[in-house]
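Below: the structure, in structure tokens.
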Amino acid sequence: MTATNSGAPARFPGVGAPARPGWRTRRRHHAEHRADQHAAALTAERLIWAWRQACEGAGASRTVDTPSGPTVSTPAVASVTLGPPTVLIVRLLPGQLPEDLRKAAPRLAPHLGAVALRVEPRGLGWARVELLDRDPLADPYRIRHHHAGPVLLGLTESGPLWVDPPDLPHMICQGQTRSGKSTWTYGLLAQLAHRRTVRIAGVDASGLTLRPFAVADRVVSGLADLDRVEHVLAALVDDMDTRLTAMPVDRDVLPVDDHHPLILVVLEEWPGILRALDTADTRQGKRVRALVARLLAESHKVGMRVLLLAQRAEATIVGAAERAQCAGRLSFRVDSPEAVKLLHAGAEDLAPDHAGADPGIALYTWPGLPVGRLRAPYLSYAEYARAVAP
Ligand SMILES: Nc1ncnc2c1ncn2[C@@H]1O[C@H](COP(=O)(O)OP(=O)(O)OP(=O)(O)O)[C@@H](O)[C@H]1O
Ligand SMILES: [Mg+2]
């Protein structure tokens, strides 16, 4: 060890015990710490101010008459964590729900300098608001095949959306060409294909989606034989009638089991199917529409579900009564807010941005859930064909 003149050991960088900072350094650190605290307090204050203003602008506030005149009240910020992630804990106004803030989130986020907000309930009357600096659904994600238990419908802003197959509702899925409808369907079918208690059926104008199932007797892949389209749908209605007749007297819903598997009737490119039928023979088109209307109205209670895919779920394609039977609704990119409105009540704030959504991003309306955004799992056609192969 080198010694100095004073006899104290010399300190070389990186050698020996760390030096205790001198009082000057300590004072500087202390001042820096106080400056950081001050800056943080300012940032937090600015954020609270911005939150108040944003709530006023986005309709998440309320004007209350007081003796001194009308006063605007906004959900009060109880705490700010500057993070990352930056999180606000807010007290909801009387009668307000976290859902109300979630709806307003697309308007609130830009004013808070965020790309999006994640709003979650926190106890009764409170919400946790996380400021996101990137879209949580930005990255594609791949599906792992699950051959038992619930199926994964996609990743929502608050996590994966899993559904037990018997809990699937009738579904309708719309979106412009190349928006991701078929890919989402591949994901669903890949997960359902090898289950003992599920059968895949339906008609597919594209000739691709149901091709791996084409050997099944309730499947039509491609539109080369239009009579077969009617024949298969009539056979599915017969299956439904048989099940309805076989329903035990003490039940109003037939449980899904080995004897009565869930039958998922996929109608891929439904407008194309209708167009082909109408062109060949309008009476056949009408008969096929009536068959599908019966499936939608009566088959749910006997373990059958319809999944209808179209570029736009307009009235000429699916009437209001049939649309109302489809409780599960997905809209991939569509051309206008009006198209969103066809399927999603209460999605006004999400609709404008959705016109430019990436492939695989959908708005969803699902039983028991507020309307939201979802990223469909991705798998290529080759992966799908392999997953479904016997
Ligand atoms: N979930 C996804 N994640 C990433 N990319 C996707 C996803 N879904 C679709 N895509 C991309 O978009 C392309 C088109 O998707 P898809 O064929 O499913 O669209 P579509 O809505 O069925 O179109 P069409 O109406 O023309 O049949 C895919 O080939 C893929 O490149
Ligand atoms: Mg398609």
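Here's how to read the names in the structure tokens: chain A, B, ... by the order shown, residue numbers from 1 in each chain, ligand numbers from 1 in the order shown.
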
Val229 of chain A environment, 12 Å, only C-alpha atoms, sequence neighbours closer than 2 positions dropped, as a PDB file with all heavy atoms, in the first residue's frame:
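Heads up, here's the output in around-v4.pdb:
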ATOM      1  N   ALA A 201     -68.084 -27.032 -38.467  1.00  0.00           N
ATOM      2  CA  ALA A 201     -68.952 -27.200 -39.629  1.00  0.00           C
ATOM      3  C   ALA A 201     -69.014 -25.860 -40.348  1.00  0.00           C
ATOM      4  O   ALA A 201     -68.413 -24.876 -39.889  1.00  0.00           O
ATOM      5  CB  ALA A 201     -70.351 -27.618 -39.157  1.00  0.00           C
ATOM      6  N   GLY A 202     -69.726 -25.813 -41.480  1.00  0.00           N
ATOM      7  CA  GLY A 202     -69.959 -24.513 -42.106  1.00  0.00           C
ATOM      8  C   GLY A 202     -69.700 -24.470 -43.589  1.00  0.00           C
ATOM      9  O   GLY A 202     -69.467 -25.491 -44.248  1.00  0.00           O
ATOM     10  N   VAL A 203     -69.748 -23.236 -44.096  1.00  0.00           N
ATOM     11  CA  VAL A 203     -69.592 -22.984 -45.525  1.00  0.00           C
ATOM     12  C   VAL A 203     -68.546 -21.891 -45.692  1.00  0.00           C
ATOM     13  O   VAL A 203     -68.579 -20.893 -44.971  1.00  0.00           O
ATOM     14  CB  VAL A 203     -70.924 -22.510 -46.156  1.00  0.00           C
ATOM     15  CG1 VAL A 203     -70.764 -22.308 -47.654  1.00  0.00           C
ATOM     16  CG2 VAL A 203     -72.046 -23.480 -45.857  1.00  0.00           C
ATOM     17  N   ASP A 204     -67.641 -22.102 -46.638  1.00  0.00           N
ATOM     18  CA  ASP A 204     -66.511 -21.177 -46.775  1.00  0.00           C
ATOM     19  C   ASP A 204     -66.350 -20.780 -48.240  1.00  0.00           C
ATOM     20  O   ASP A 204     -65.929 -21.590 -49.065  1.00  0.00           O
ATOM     21  CB  ASP A 204     -65.253 -21.890 -46.252  1.00  0.00           C
ATOM     22  CG  ASP A 204     -63.977 -21.133 -46.580  1.00  0.00           C
ATOM     23  OD1 ASP A 204     -64.057 -19.940 -46.923  1.00  0.00           O
ATOM     24  OD2 ASP A 204     -62.904 -21.754 -46.487  1.00  0.00           O
ATOM     25  N   ALA A 205     -66.696 -19.524 -48.544  1.00  0.00           N
ATOM     26  CA  ALA A 205     -66.589 -19.064 -49.933  1.00  0.00           C
ATOM     27  C   ALA A 205     -65.130 -18.947 -50.371  1.00  0.00           C
ATOM     28  O   ALA A 205     -64.827 -19.047 -51.553  1.00  0.00           O
ATOM     29  CB  ALA A 205     -67.298 -17.717 -50.080  1.00  0.00           C
ATOM     30  N   ASP A 217     -68.502 -34.068 -42.978  1.00  0.00           N
ATOM     31  CA  ASP A 217     -69.703 -34.074 -43.827  1.00  0.00           C
ATOM     32  C   ASP A 217     -70.563 -32.824 -43.666  1.00  0.00           C
ATOM     33  O   ASP A 217     -71.505 -32.613 -44.407  1.00  0.00           O
ATOM     34  CB  ASP A 217     -70.531 -35.351 -43.603  1.00  0.00           C
ATOM     35  CG  ASP A 217     -70.878 -35.535 -42.138  1.00  0.00           C
ATOM     36  OD1 ASP A 217     -70.412 -34.705 -41.332  1.00  0.00           O
ATOM     37  OD2 ASP A 217     -71.611 -36.491 -41.806  1.00  0.00           O
ATOM     38  N   ARG A 218     -70.255 -31.987 -42.721  1.00  0.00           N
ATOM     39  CA  ARG A 218     -71.044 -30.755 -42.562  1.00  0.00           C
ATOM     40  C   ARG A 218     -70.214 -29.544 -42.962  1.00  0.00           C
ATOM     41  O   ARG A 218     -70.410 -28.458 -42.419  1.00  0.00           O
ATOM     42  CB  ARG A 218     -71.493 -30.586 -41.096  1.00  0.00           C
ATOM     43  CG  ARG A 218     -72.395 -31.688 -40.583  1.00  0.00           C
ATOM     44  CD  ARG A 218     -73.813 -31.527 -41.107  1.00  0.00           C
ATOM     45  NE  ARG A 218     -74.731 -32.407 -40.430  1.00  0.00           N
ATOM     46  CZ  ARG A 218     -75.148 -33.589 -40.892  1.00  0.00           C
ATOM     47  NH1 ARG A 218     -74.689 -34.040 -42.053  1.00  0.00           N
ATOM     48  NH2 ARG A 218     -76.014 -34.318 -40.208  1.00  0.00           N
ATOM     49  N   VAL A 219     -69.283 -29.729 -43.881  1.00  0.00           N
ATOM     50  CA  VAL A 219     -68.410 -28.633 -44.299  1.00  0.00           C
ATOM     51  C   VAL A 219     -68.439 -28.486 -45.816  1.00  0.00           C
ATOM     52  O   VAL A 219     -68.373 -29.479 -46.548  1.00  0.00           O
ATOM     53  CB  VAL A 219     -66.948 -28.886 -43.830  1.00  0.00           C
ATOM     54  CG1 VAL A 219     -65.990 -27.870 -44.475  1.00  0.00           C
ATOM     55  CG2 VAL A 219     -66.841 -28.799 -42.308  1.00  0.00           C
ATOM     56  N   VAL A 220     -68.588 -27.246 -46.299  1.00  0.00           N
ATOM     57  CA  VAL A 220     -68.452 -26.958 -47.733  1.00  0.00           C
ATOM     58  C   VAL A 220     -67.309 -25.972 -47.891  1.00  0.00           C
ATOM     59  O   VAL A 220     -67.354 -24.863 -47.352  1.00  0.00           O
ATOM     60  CB  VAL A 220     -69.730 -26.309 -48.323  1.00  0.00           C
ATOM     61  CG1 VAL A 220     -69.636 -26.251 -49.842  1.00  0.00           C
ATOM     62  CG2 VAL A 220     -70.972 -27.036 -47.883  1.00  0.00           C
ATOM     63  N   SER A 221     -66.292 -26.370 -48.638  1.00  0.00           N
ATOM     64  CA  SER A 221     -65.144 -25.491 -48.857  1.00  0.00           C
ATOM     65  C   SER A 221     -65.131 -25.092 -50.327  1.00  0.00           C
ATOM     66  O   SER A 221     -64.995 -25.932 -51.204  1.00  0.00           O
ATOM     67  CB  SER A 221     -63.869 -26.252 -48.481  1.00  0.00           C
ATOM     68  OG  SER A 221     -62.748 -25.495 -48.820  1.00  0.00           O
ATOM     69  N   GLY A 222     -65.351 -23.793 -50.582  1.00  0.00           N
ATOM     70  CA  GLY A 222     -65.460 -23.332 -51.971  1.00  0.00           C
ATOM     71  C   GLY A 222     -66.902 -23.397 -52.435  1.00  0.00           C
ATOM     72  O   GLY A 222     -67.738 -24.043 -51.794  1.00  0.00           O
ATOM     73  N   LEU A 223     -67.193 -22.688 -53.517  1.00  0.00           N
ATOM     74  CA  LEU A 223     -68.595 -22.563 -53.940  1.00  0.00           C
ATOM     75  C   LEU A 223     -68.876 -23.272 -55.268  1.00  0.00           C
ATOM     76  O   LEU A 223     -69.776 -22.883 -56.013  1.00  0.00           O
ATOM     77  CB  LEU A 223     -68.963 -21.078 -54.048  1.00  0.00           C
ATOM     78  CG  LEU A 223     -68.921 -20.300 -52.724  1.00  0.00           C
ATOM     79  CD1 LEU A 223     -69.299 -18.845 -52.935  1.00  0.00           C
ATOM     80  CD2 LEU A 223     -69.842 -20.933 -51.676  1.00  0.00           C
ATOM     81  N   ALA A 224     -68.127 -24.321 -55.547  1.00  0.00           N
ATOM     82  CA  ALA A 224     -68.314 -25.018 -56.825  1.00  0.00           C
ATOM     83  C   ALA A 224     -69.690 -25.678 -56.886  1.00  0.00           C
ATOM     84  O   ALA A 224     -70.296 -25.768 -57.952  1.00  0.00           O
ATOM     85  CB  ALA A 224     -67.212 -26.054 -57.000  1.00  0.00           C
ATOM     86  N   ASP A 225     -70.198 -26.097 -55.728  1.00  0.00           N
ATOM     87  CA  ASP A 225     -71.473 -26.822 -55.719  1.00  0.00           C
ATOM     88  C   ASP A 225     -72.444 -26.096 -54.771  1.00  0.00           C
ATOM     89  O   ASP A 225     -72.437 -26.315 -53.558  1.00  0.00           O
ATOM     90  CB  ASP A 225     -71.207 -28.268 -55.249  1.00  0.00           C
ATOM     91  CG  ASP A 225     -72.475 -29.107 -55.236  1.00  0.00           C
ATOM     92  OD1 ASP A 225     -73.568 -28.534 -55.475  1.00  0.00           O
ATOM     93  OD2 ASP A 225     -72.365 -30.323 -54.976  1.00  0.00           O
ATOM     94  N   LEU A 226     -73.268 -25.223 -55.341  1.00  0.00           N
ATOM     95  CA  LEU A 226     -74.148 -24.401 -54.495  1.00  0.00           C
ATOM     96  C   LEU A 226     -75.262 -25.223 -53.853  1.00  0.00           C
ATOM     97  O   LEU A 226     -75.740 -24.890 -52.767  1.00  0.00           O
ATOM     98  CB  LEU A 226     -74.733 -23.246 -55.313  1.00  0.00           C
ATOM     99  CG  LEU A 226     -73.710 -22.179 -55.717  1.00  0.00           C
ATOM    100  CD1 LEU A 226     -74.358 -21.130 -56.613  1.00  0.00           C
ATOM    101  CD2 LEU A 226     -73.094 -21.520 -54.488  1.00  0.00           C
ATOM    102  N   ASP A 227     -75.674 -26.299 -54.537  1.00  0.00           N
ATOM    103  CA  ASP A 227     -76.712 -27.143 -53.920  1.00  0.00           C
ATOM    104  C   ASP A 227     -76.208 -27.749 -52.615  1.00  0.00           C
ATOM    105  O   ASP A 227     -76.955 -27.929 -51.671  1.00  0.00           O
ATOM    106  CB  ASP A 227     -77.125 -28.269 -54.885  1.00  0.00           C
ATOM    107  CG  ASP A 227     -77.958 -27.708 -56.035  1.00  0.00           C
ATOM    108  OD1 ASP A 227     -78.525 -26.602 -55.853  1.00  0.00           O
ATOM    109  OD2 ASP A 227     -78.006 -28.336 -57.097  1.00  0.00           O
ATOM    110  N   HIS A 231     -77.701 -27.901 -48.929  1.00  0.00           N
ATOM    111  CA  HIS A 231     -77.870 -29.221 -48.333  1.00  0.00           C
ATOM    112  C   HIS A 231     -77.214 -29.278 -46.942  1.00  0.00           C
ATOM    113  O   HIS A 231     -77.810 -29.766 -45.977  1.00  0.00           O
ATOM    114  CB  HIS A 231     -77.248 -30.265 -49.280  1.00  0.00           C
ATOM    115  CG  HIS A 231     -77.248 -31.627 -48.721  1.00  0.00           C
ATOM    116  ND1 HIS A 231     -78.381 -32.415 -48.685  1.00  0.00           N
ATOM    117  CD2 HIS A 231     -76.252 -32.356 -48.127  1.00  0.00           C
ATOM    118  CE1 HIS A 231     -78.085 -33.553 -48.094  1.00  0.00           C
ATOM    119  NE2 HIS A 231     -76.802 -33.549 -47.759  1.00  0.00           N
ATOM    120  N   VAL A 232     -75.996 -28.777 -46.850  1.00  0.00           N
ATOM    121  CA  VAL A 232     -75.267 -28.849 -45.574  1.00  0.00           C
ATOM    122  C   VAL A 232     -75.935 -27.976 -44.513  1.00  0.00           C
ATOM    123  O   VAL A 232     -76.087 -28.379 -43.358  1.00  0.00           O
ATOM    124  CB  VAL A 232     -73.783 -28.455 -45.785  1.00  0.00           C
ATOM    125  CG1 VAL A 232     -73.123 -28.062 -44.473  1.00  0.00           C
ATOM    126  CG2 VAL A 232     -73.024 -29.609 -46.418  1.00  0.00           C
ATOM    127  N   LEU A 233     -76.377 -26.768 -44.909  1.00  0.00           N
ATOM    128  CA  LEU A 233     -77.036 -25.903 -43.920  1.00  0.00           C
ATOM    129  C   LEU A 233     -78.371 -26.504 -43.478  1.00  0.00           C
ATOM    130  O   LEU A 233     -78.728 -26.439 -42.297  1.00  0.00           O
ATOM    131  CB  LEU A 233     -77.205 -24.492 -44.476  1.00  0.00           C
ATOM    132  CG  LEU A 233     -75.875 -23.721 -44.575  1.00  0.00           C
ATOM    133  CD1 LEU A 233     -76.035 -22.442 -45.369  1.00  0.00           C
ATOM    134  CD2 LEU A 233     -75.303 -23.399 -43.184  1.00  0.00           C
ATOM    135  N   ALA A 234     -79.086 -27.148 -44.437  1.00  0.00           N
ATOM    136  CA  ALA A 234     -80.349 -27.810 -44.068  1.00  0.00           C
ATOM    137  C   ALA A 234     -80.053 -28.963 -43.113  1.00  0.00           C
ATOM    138  O   ALA A 234     -80.790 -29.184 -42.137  1.00  0.00           O
ATOM    139  CB  ALA A 234     -81.060 -28.308 -45.322  1.00  0.00           C
ATOM    140  N   ALA A 235     -78.948 -29.687 -43.351  1.00  0.00           N
ATOM    141  CA  ALA A 235     -78.589 -30.809 -42.468  1.00  0.00           C
ATOM    142  C   ALA A 235     -78.268 -30.281 -41.061  1.00  0.00           C
ATOM    143  O   ALA A 235     -78.630 -30.904 -40.058  1.00  0.00           O
ATOM    144  CB  ALA A 235     -77.397 -31.562 -43.050  1.00  0.00           C
ATOM    145  N   LEU A 236     -77.618 -29.117 -40.987  1.00  0.00           N
ATOM    146  CA  LEU A 236     -77.306 -28.542 -39.671  1.00  0.00           C
ATOM    147  C   LEU A 236     -78.586 -28.123 -38.945  1.00  0.00           C
ATOM    148  O   LEU A 236     -78.706 -28.285 -37.730  1.00  0.00           O
ATOM    149  CB  LEU A 236     -76.357 -27.350 -39.831  1.00  0.00           C
ATOM    150  CG  LEU A 236     -74.902 -27.747 -40.141  1.00  0.00           C
ATOM    151  CD1 LEU A 236     -74.113 -26.566 -40.704  1.00  0.00           C
ATOM    152  CD2 LEU A 236     -74.218 -28.287 -38.880  1.00  0.00           C
ATOM    153  N   LEU A 267     -69.327 -19.434 -41.181  1.00  0.00           N
ATOM    154  CA  LEU A 267     -69.797 -18.944 -42.484  1.00  0.00           C
ATOM    155  C   LEU A 267     -68.780 -17.918 -42.977  1.00  0.00           C
ATOM    156  O   LEU A 267     -68.898 -16.726 -42.709  1.00  0.00           O
ATOM    157  CB  LEU A 267     -71.194 -18.333 -42.347  1.00  0.00           C
ATOM    158  CG  LEU A 267     -72.251 -19.298 -41.768  1.00  0.00           C
ATOM    159  CD1 LEU A 267     -73.552 -18.575 -41.480  1.00  0.00           C
ATOM    160  CD2 LEU A 267     -72.491 -20.486 -42.707  1.00  0.00           C
ATOM    161  N   TRP A 270     -69.414 -14.693 -45.875  1.00  0.00           N
ATOM    162  CA  TRP A 270     -70.864 -14.882 -45.980  1.00  0.00           C
ATOM    163  C   TRP A 270     -71.477 -14.054 -47.131  1.00  0.00           C
ATOM    164  O   TRP A 270     -72.297 -14.577 -47.889  1.00  0.00           O
ATOM    165  CB  TRP A 270     -71.486 -14.560 -44.623  1.00  0.00           C
ATOM    166  CG  TRP A 270     -72.970 -14.615 -44.501  1.00  0.00           C
ATOM    167  CD1 TRP A 270     -73.778 -13.632 -44.042  1.00  0.00           C
ATOM    168  CD2 TRP A 270     -73.827 -15.724 -44.816  1.00  0.00           C
ATOM    169  NE1 TRP A 270     -75.076 -14.044 -44.045  1.00  0.00           N
ATOM    170  CE2 TRP A 270     -75.144 -15.321 -44.514  1.00  0.00           C
ATOM    171  CE3 TRP A 270     -73.630 -16.996 -45.323  1.00  0.00           C
ATOM    172  CZ2 TRP A 270     -76.247 -16.139 -44.709  1.00  0.00           C
ATOM    173  CZ3 TRP A 270     -74.721 -17.822 -45.513  1.00  0.00           C
ATOM    174  CH2 TRP A 270     -76.014 -17.391 -45.204  1.00  0.00           C
ATOM    175  N   ILE A 273     -71.034 -15.879 -50.299  1.00  0.00           N
ATOM    176  CA  ILE A 273     -71.917 -17.056 -50.401  1.00  0.00           C
ATOM    177  C   ILE A 273     -73.300 -16.596 -50.878  1.00  0.00           C
ATOM    178  O   ILE A 273     -73.886 -17.157 -51.808  1.00  0.00           O
ATOM    179  CB  ILE A 273     -72.034 -17.767 -49.025  1.00  0.00           C
ATOM    180  CG1 ILE A 273     -70.659 -18.241 -48.553  1.00  0.00           C
ATOM    181  CG2 ILE A 273     -73.017 -18.922 -49.095  1.00  0.00           C
ATOM    182  CD1 ILE A 273     -70.604 -18.679 -47.089  1.00  0.00           C
ATOM    183  N   LEU A 274     -73.805 -15.528 -50.250  1.00  0.00           N
ATOM    184  CA  LEU A 274     -75.141 -15.025 -50.618  1.00  0.00           C
ATOM    185  C   LEU A 274     -75.170 -14.547 -52.065  1.00  0.00           C
ATOM    186  O   LEU A 274     -76.126 -14.805 -52.799  1.00  0.00           O
ATOM    187  CB  LEU A 274     -75.547 -13.873 -49.691  1.00  0.00           C
ATOM    188  CG  LEU A 274     -75.838 -14.266 -48.244  1.00  0.00           C
ATOM    189  CD1 LEU A 274     -76.200 -13.026 -47.432  1.00  0.00           C
ATOM    190  CD2 LEU A 274     -76.965 -15.287 -48.177  1.00  0.00           C
ATOM    191  N   ALA A 276     -73.331 -15.494 -54.561  1.00  0.00           N
ATOM    192  CA  ALA A 276     -73.295 -16.633 -55.486  1.00  0.00           C
ATOM    193  C   ALA A 276     -74.670 -17.291 -55.569  1.00  0.00           C
ATOM    194  O   ALA A 276     -75.164 -17.615 -56.647  1.00  0.00           O
ATOM    195  CB  ALA A 276     -72.238 -17.633 -55.028  1.00  0.00           C
ATOM    196  N   LEU A 277     -75.310 -17.463 -54.408  1.00  0.00           N
ATOM    197  CA  LEU A 277     -76.629 -18.109 -54.380  1.00  0.00           C
ATOM    198  C   LEU A 277     -77.663 -17.248 -55.099  1.00  0.00           C
ATOM    199  O   LEU A 277     -78.438 -17.741 -55.918  1.00  0.00           O
ATOM    200  CB  LEU A 277     -77.073 -18.343 -52.936  1.00  0.00           C
ATOM    201  CG  LEU A 277     -76.304 -19.411 -52.158  1.00  0.00           C
ATOM    202  CD1 LEU A 277     -76.582 -19.281 -50.666  1.00  0.00           C
ATOM    203  CD2 LEU A 277     -76.690 -20.812 -52.629  1.00  0.00           C
ATOM    204  N   GLN A 284     -83.165 -19.847 -53.934  1.00  0.00           N
ATOM    205  CA  GLN A 284     -82.208 -20.612 -53.117  1.00  0.00           C
ATOM    206  C   GLN A 284     -81.519 -19.696 -52.092  1.00  0.00           C
ATOM    207  O   GLN A 284     -81.327 -20.068 -50.942  1.00  0.00           O
ATOM    208  CB  GLN A 284     -81.157 -21.269 -54.017  1.00  0.00           C
ATOM    209  CG  GLN A 284     -80.410 -22.376 -53.305  1.00  0.00           C
ATOM    210  CD  GLN A 284     -79.448 -23.128 -54.209  1.00  0.00           C
ATOM    211  OE1 GLN A 284     -78.886 -22.552 -55.132  1.00  0.00           O
ATOM    212  NE2 GLN A 284     -79.277 -24.412 -53.948  1.00  0.00           N
ATOM    213  N   GLY A 285     -81.202 -18.461 -52.553  1.00  0.00           N
ATOM    214  CA  GLY A 285     -80.612 -17.478 -51.644  1.00  0.00           C
ATOM    215  C   GLY A 285     -81.521 -17.234 -50.442  1.00  0.00           C
ATOM    216  O   GLY A 285     -81.063 -17.198 -49.301  1.00  0.00           O
ATOM    217  N   ARG A 287     -83.863 -19.240 -49.269  1.00  0.00           N
ATOM    218  CA  ARG A 287     -83.966 -20.435 -48.410  1.00  0.00           C
ATOM    219  C   ARG A 287     -82.744 -20.543 -47.491  1.00  0.00           C
ATOM    220  O   ARG A 287     -82.871 -20.837 -46.306  1.00  0.00           O
ATOM    221  CB  ARG A 287     -84.083 -21.704 -49.283  1.00  0.00           C
ATOM    222  CG  ARG A 287     -85.430 -21.832 -50.000  1.00  0.00           C
ATOM    223  CD  ARG A 287     -85.666 -23.261 -50.457  1.00  0.00           C
ATOM    224  NE  ARG A 287     -84.659 -23.743 -51.388  1.00  0.00           N
ATOM    225  CZ  ARG A 287     -84.700 -23.603 -52.718  1.00  0.00           C
ATOM    226  NH1 ARG A 287     -85.719 -22.966 -53.266  1.00  0.00           N
ATOM    227  NH2 ARG A 287     -83.745 -24.100 -53.482  1.00  0.00           N
ATOM    228  N   VAL A 288     -81.566 -20.274 -48.075  1.00  0.00           N
ATOM    229  CA  VAL A 288     -80.339 -20.382 -47.269  1.00  0.00           C
ATOM    230  C   VAL A 288     -80.324 -19.314 -46.175  1.00  0.00           C
ATOM    231  O   VAL A 288     -79.957 -19.579 -45.027  1.00  0.00           O
ATOM    232  CB  VAL A 288     -79.096 -20.300 -48.183  1.00  0.00           C
ATOM    233  CG1 VAL A 288     -77.843 -20.021 -47.383  1.00  0.00           C
ATOM    234  CG2 VAL A 288     -78.947 -21.614 -48.944  1.00  0.00           C
ATOM    235  N   ARG A 289     -80.764 -18.096 -46.509  1.00  0.00           N
ATOM    236  CA  ARG A 289     -80.862 -17.044 -45.473  1.00  0.00           C
ATOM    237  C   ARG A 289     -81.770 -17.500 -44.327  1.00  0.00           C
ATOM    238  O   ARG A 289     -81.471 -17.297 -43.149  1.00  0.00           O
ATOM    239  CB  ARG A 289     -81.438 -15.765 -46.078  1.00  0.00           C
ATOM    240  CG  ARG A 289     -80.433 -14.923 -46.843  1.00  0.00           C
ATOM    241  CD  ARG A 289     -81.127 -13.635 -47.312  1.00  0.00           C
ATOM    242  NE  ARG A 289     -80.183 -12.707 -47.893  1.00  0.00           N
ATOM    243  CZ  ARG A 289     -79.787 -12.719 -49.165  1.00  0.00           C
ATOM    244  NH1 ARG A 289     -80.275 -13.630 -50.004  1.00  0.00           N
ATOM    245  NH2 ARG A 289     -78.917 -11.848 -49.609  1.00  0.00           N
ATOM    246  N   LEU A 291     -82.456 -20.550 -43.397  1.00  0.00           N
ATOM    247  CA  LEU A 291     -81.817 -21.610 -42.603  1.00  0.00           C
ATOM    248  C   LEU A 291     -80.861 -21.004 -41.571  1.00  0.00           C
ATOM    249  O   LEU A 291     -80.860 -21.383 -40.392  1.00  0.00           O
ATOM    250  CB  LEU A 291     -81.044 -22.577 -43.517  1.00  0.00           C
ATOM    251  CG  LEU A 291     -81.896 -23.459 -44.444  1.00  0.00           C
ATOM    252  CD1 LEU A 291     -81.016 -24.154 -45.490  1.00  0.00           C
ATOM    253  CD2 LEU A 291     -82.686 -24.498 -43.636  1.00  0.00           C
ATOM    254  N   VAL A 292     -80.058 -20.051 -42.030  1.00  0.00           N
ATOM    255  CA  VAL A 292     -79.090 -19.432 -41.112  1.00  0.00           C
ATOM    256  C   VAL A 292     -79.814 -18.610 -40.042  1.00  0.00           C
ATOM    257  O   VAL A 292     -79.410 -18.602 -38.878  1.00  0.00           O
ATOM    258  CB  VAL A 292     -78.058 -18.592 -41.898  1.00  0.00           C
ATOM    259  CG1 VAL A 292     -77.206 -17.746 -40.967  1.00  0.00           C
ATOM    260  CG2 VAL A 292     -77.162 -19.510 -42.729  1.00  0.00           C
TER     261      VAL A 292
END

Counting only C-alpha atoms, what is within 7 Å of Thr63 of chain A, bar same-chain residues fewer than 5 positions away, as a short mmCIF file (atom, residue, chain, number, x, y, z; two decimals) with N, CA, C and O atoms, in the first residue's frame?
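The resulting file, around.cif, is reproduced below:
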data_model
loop_
_atom_site.label_atom_id
_atom_site.label_comp_id
_atom_site.auth_asym_id
_atom_site.auth_seq_id
_atom_site.Cartn_x
_atom_site.Cartn_y
_atom_site.Cartn_z
N PRO A 70 -71.71 27.96 -10.33
CA PRO A 70 -71.40 26.60 -10.80
C PRO A 70 -69.91 26.27 -10.64
O PRO A 70 -69.06 27.11 -10.91
N THR A 71 -69.63 25.05 -10.15
CA THR A 71 -68.24 24.60 -9.97
C THR A 71 -68.05 23.29 -10.72
O THR A 71 -68.92 22.42 -10.67
N VAL A 72 -66.92 23.19 -11.41
CA VAL A 72 -66.65 21.95 -12.14
C VAL A 72 -65.91 21.00 -11.21
O VAL A 72 -64.91 21.38 -10.62
N SER A 73 -66.45 19.77 -11.07
CA SER A 73 -65.66 18.82 -10.27
C SER A 73 -65.19 17.67 -11.16
O SER A 73 -65.92 17.20 -12.02
#

Closest of A:Ile317, A:Leu108, A:Leu155, A:Leu296 to ligand 1 - atom-to-atom distances counting only C-alpha atoms and all ligand atoms: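 Among A:Ile317, A:Leu108, A:Leu155, A:Leu296, it is A:Leu155 that comes nearest to ligand 1.
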
Exercise answer, 7 Å around ligand 1 with only C-alpha atoms and all ligand atoms, as a list in words: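 Counting only what the definition allows, namely only C-alpha atoms and all ligand atoms, the set is Pro140, Tyr141, Gly175, Gln176, Thr177, Arg178, Ser179, Gly180, Lys181, Ser182, Thr183, Trp184, Gln311, Pro359, Gly360, Ile361, Arg375, Ala376, Pro377 and Tyr378 of chain A.
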
d(atom CA of Leu161 of chain A, atom CA of His145 of chain A) in Å: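 Between atom CA of Leu161 of chain A and atom CA of His145 of chain A the gap works out to 14.8 Å.
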
Best match for closeness to ligand 2 among A:Thr185, A:Ser158, A:Thr25, A:Gln96, counting only C-alpha atoms and all ligand atoms: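 Of the candidates, the smallest distance to ligand 2 is held by A:Thr185.
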
Point-to-point distance from atom CA of Leu342 of chain A to atom CA of Gln191 of chain A, Å rounded to tenths: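 Atom-to-atom, atom CA of Leu342 of chain A and atom CA of Gln191 of chain A are spaced 28.4 Å apart.
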
Near-Ala387 of chain A list (9 Å; only C-alpha atoms; drop same-chain fewer than 4 positions) as a list in words: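 Within the cut-off, the hits are His145, Ala190, Gln191, Ala193, His194, Ala382 and Glu383 of chain A.
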
Could you write out the selected residues, including C-alpha atoms, as an mmCIF file, in the first residue's frame?
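Okay, this is what ended up in part.cif:
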data_model
loop_
_atom_site.group_PDB
_atom_site.id
_atom_site.type_symbol
_atom_site.label_atom_id
_atom_site.label_comp_id
_atom_site.auth_asym_id
_atom_site.auth_seq_id
_atom_site.Cartn_x
_atom_site.Cartn_y
_atom_site.Cartn_z
ATOM 1 C CA HIS A 145 -52.080 -24.300 -29.309
ATOM 2 C CA ALA A 190 -56.643 -24.277 -34.438
ATOM 3 C CA GLN A 191 -57.512 -24.291 -30.749
ATOM 4 C CA ALA A 193 -59.943 -28.577 -33.921
ATOM 5 C CA HIS A 194 -58.805 -31.489 -31.765
ATOM 6 C CA ALA A 382 -49.200 -23.204 -42.968
ATOM 7 C CA GLU A 383 -49.132 -23.263 -39.148
#

Pick from A:Arg373, A:Asp353, A:Ala347, A:His260 nearest to Ala246 of chain A, counting only C-alpha atoms: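 Once distances to Ala246 of chain A are computed over only C-alpha atoms, the minimum belongs to A:His260.
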